[in-house]
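Everything below concerns the one structure shown next.
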Amino acid sequence: MFVKRWERLDVEKVPFFGGLHYMFTWLKSQMIVSGILSQRRYQNLVDLLAHEELLKFIGKDLVQGVNSFRYNKSHGKKAFDYIFRKLRKRGVDTRKKGSILFLGDSMTDVRCSRGKRAIRFVGVTTGPLRKEDFINEGVPPGNIIHAAYALPNWITKEYPDDQ
């Protein structure tokens with residue numbers, strides 16, 4: 001009973017950080033494939049994405065919750081094995097250096113993104129970490145943004161030839 005109540009509250013009262021609708025709209029307009037890797041349970045995550053009207057930008061096959069796969073963020077780079085298989089089916093080269101942008105707001109995000117050549121980590125300071133925390137964890141200052149809605153500008157600046 002408690003878990004069901006908590007899961008409903010998670011969907012109704014604990015929104016994602018702001019700017020995601022703008023970010024996903026822009027990514028889709030650029031034909032950039034998007035996915036989500038989260039510590040939330042899969043069904044809660046899908047319900048929240050639907051509630052926030054974001055699921056249309058991603059598709060359920062690229063949503064990975066803590067219980068979707070044998071490995072999750074706490075297992076480090078292995079957490080990406082499942083979603084990388086799904087991305088490859090959509091034509092994304094998951095072996096190419098920097099071909100995957102991983103936007104994260106926690107220390108777990110930073111740490112699990114290490115060791116995968118394809119991943120370029122971008123920290124967002126709308127979560128528990130400040131810019132200094134990301135820098136202290138080895139994230140380059142230029143790879144830290146203040147909100148998800150700033151990602152399109154960051155991509156345009158970092159990948160000018162791809163626009």
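In the structure tokens, each chain is lettered A, B, ... as it comes, each chain's residues begin at 1, and ligands are numbered from 1 in order of appearance.
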
Selection: 12 Å around Thr25 (chain A), only C-alpha atoms, excl. self and same-chain fewer than 6 positions, as a ChimeraX atom specification: /A:19,31-34,53-58,148-149,151-152

Go ahead and write the selection's residues with C-alpha atoms as a compact mmCIF listing (two decimals), in the first residue's frame.
```
# COMPACT_ATOMS: atom_id res chain seq x y z
CA GLY A 19 13.21 22.74 -19.53
CA MET A 31 16.62 14.20 -35.53
CA ILE A 32 18.70 13.42 -32.45
CA VAL A 33 17.65 10.16 -30.80
CA SER A 34 16.85 10.58 -27.09
CA GLU A 53 3.91 14.83 -22.02
CA LEU A 54 7.50 13.79 -22.77
CA LEU A 55 7.04 10.15 -23.75
CA LYS A 56 6.26 11.15 -27.35
CA PHE A 57 9.84 12.37 -27.73
CA ILE A 58 11.50 9.17 -26.56
CA ALA A 148 18.13 21.28 -19.52
CA TYR A 149 16.83 24.01 -21.80
CA LEU A 151 21.47 21.86 -23.89
CA PRO A 152 20.49 22.89 -27.46
```

Shell around Leu62 (chain A) at 9 Å using only C-alpha atoms, local window under 3 positions removed, as a PyMOL selection string: chain A and resi 34-37+58-59+83+86-87

Would you put the residues from that selection into a file with C-alpha atoms, as a PDB file, in the first residue's frame?
```pdb
ATOM      1  CA  SER A  34      16.845  10.580 -27.091  1.00  0.00           C
ATOM      2  CA  GLY A  35      16.648   8.095 -24.257  1.00  0.00           C
ATOM      3  CA  ILE A  36      16.398   8.166 -20.488  1.00  0.00           C
ATOM      4  CA  LEU A  37      18.421   6.212 -17.948  1.00  0.00           C
ATOM      5  CA  ILE A  58      11.504   9.174 -26.558  1.00  0.00           C
ATOM      6  CA  GLY A  59       9.488   5.982 -26.924  1.00  0.00           C
ATOM      7  CA  ILE A  83      20.183   1.229 -23.746  1.00  0.00           C
ATOM      8  CA  LYS A  86      18.444  -0.211 -28.205  1.00  0.00           C
ATOM      9  CA  LEU A  87      20.277   2.812 -29.641  1.00  0.00           C
TER      10      LEU A  87
END
```

Separation of CA of Cys112 (chain A) from CA of Arg85 (chain A), in Å and rounded to one decimal: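 We find that CA of Cys112 (chain A) and CA of Arg85 (chain A) lie 16.9 Å from each other.
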
Best match for closeness to Arg111 (chain A) among A:Arg130, A:Lys78, A:Gly98, A:Arg90, counting only C-alpha atoms: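 Result for the nearest residue to Arg111 (chain A): A:Lys78.
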
Test item: residues at most 7 Å from Ile144 (chain A), only C-alpha atoms, excluding those fewer than 4 positions along its chain, as a VMD selection string: chain A and resid 122 to 124 131

DSSP helix (DSSP H, G or I) residues within region 69-154 of chain A, listed as a PyMOL selection string: chain A and resi 73-89+107-113+131-136+141-143+148-154

Selection to disk with C-alpha atoms, as a PDB file, in the first residue's frame:
```pdb
ATOM      1  CA  LYS A  73      23.391   3.385 -12.602  1.00  0.00           C
ATOM      2  CA  SER A  74      24.802   2.035  -9.357  1.00  0.00           C
ATOM      3  CA  HIS A  75      26.656  -0.612 -11.433  1.00  0.00           C
ATOM      4  CA  GLY A  76      28.624   2.012 -13.330  1.00  0.00           C
ATOM      5  CA  LYS A  77      29.232   1.799 -17.052  1.00  0.00           C
ATOM      6  CA  LYS A  78      27.429  -1.561 -17.372  1.00  0.00           C
ATOM      7  CA  ALA A  79      24.193   0.383 -16.872  1.00  0.00           C
ATOM      8  CA  PHE A  80      24.504   1.565 -20.473  1.00  0.00           C
ATOM      9  CA  ASP A  81      24.660  -1.900 -22.066  1.00  0.00           C
ATOM     10  CA  TYR A  82      20.872  -2.232 -22.365  1.00  0.00           C
ATOM     11  CA  ILE A  83      20.183   1.229 -23.746  1.00  0.00           C
ATOM     12  CA  PHE A  84      23.206   1.031 -26.081  1.00  0.00           C
ATOM     13  CA  ARG A  85      21.698  -2.111 -27.683  1.00  0.00           C
ATOM     14  CA  LYS A  86      18.444  -0.211 -28.205  1.00  0.00           C
ATOM     15  CA  LEU A  87      20.277   2.812 -29.641  1.00  0.00           C
ATOM     16  CA  ARG A  88      22.213   0.599 -32.080  1.00  0.00           C
ATOM     17  CA  LYS A  89      18.887  -0.758 -33.372  1.00  0.00           C
ATOM     18  CA  MET A 107      27.336  12.061  -8.707  1.00  0.00           C
ATOM     19  CA  THR A 108      25.961   8.638  -9.700  1.00  0.00           C
ATOM     20  CA  ASP A 109      25.405   9.998 -13.216  1.00  0.00           C
ATOM     21  CA  VAL A 110      28.976  11.276 -13.447  1.00  0.00           C
ATOM     22  CA  ARG A 111      30.469   8.032 -12.171  1.00  0.00           C
ATOM     23  CA  CYS A 112      28.404   5.627 -14.262  1.00  0.00           C
ATOM     24  CA  SER A 113      29.253   7.541 -17.459  1.00  0.00           C
ATOM     25  CA  LYS A 131      29.087  23.483 -10.737  1.00  0.00           C
ATOM     26  CA  GLU A 132      32.008  23.119  -8.298  1.00  0.00           C
ATOM     27  CA  ASP A 133      30.869  19.592  -7.364  1.00  0.00           C
ATOM     28  CA  PHE A 134      30.953  18.525 -11.019  1.00  0.00           C
ATOM     29  CA  ILE A 135      34.367  20.144 -11.518  1.00  0.00           C
ATOM     30  CA  ASN A 136      35.731  18.407  -8.412  1.00  0.00           C
ATOM     31  CA  PRO A 141      33.691  23.346 -16.769  1.00  0.00           C
ATOM     32  CA  GLY A 142      32.547  23.677 -20.386  1.00  0.00           C
ATOM     33  CA  ASN A 143      30.476  20.506 -19.976  1.00  0.00           C
ATOM     34  CA  ALA A 148      18.132  21.276 -19.516  1.00  0.00           C
ATOM     35  CA  TYR A 149      16.825  24.010 -21.803  1.00  0.00           C
ATOM     36  CA  ALA A 150      20.452  25.148 -22.246  1.00  0.00           C
ATOM     37  CA  LEU A 151      21.465  21.859 -23.890  1.00  0.00           C
ATOM     38  CA  PRO A 152      20.486  22.892 -27.458  1.00  0.00           C
ATOM     39  CA  ASN A 153      22.791  25.939 -27.234  1.00  0.00           C
ATOM     40  CA  TRP A 154      25.553  23.775 -25.783  1.00  0.00           C
TER      41      TRP A 154
END
```
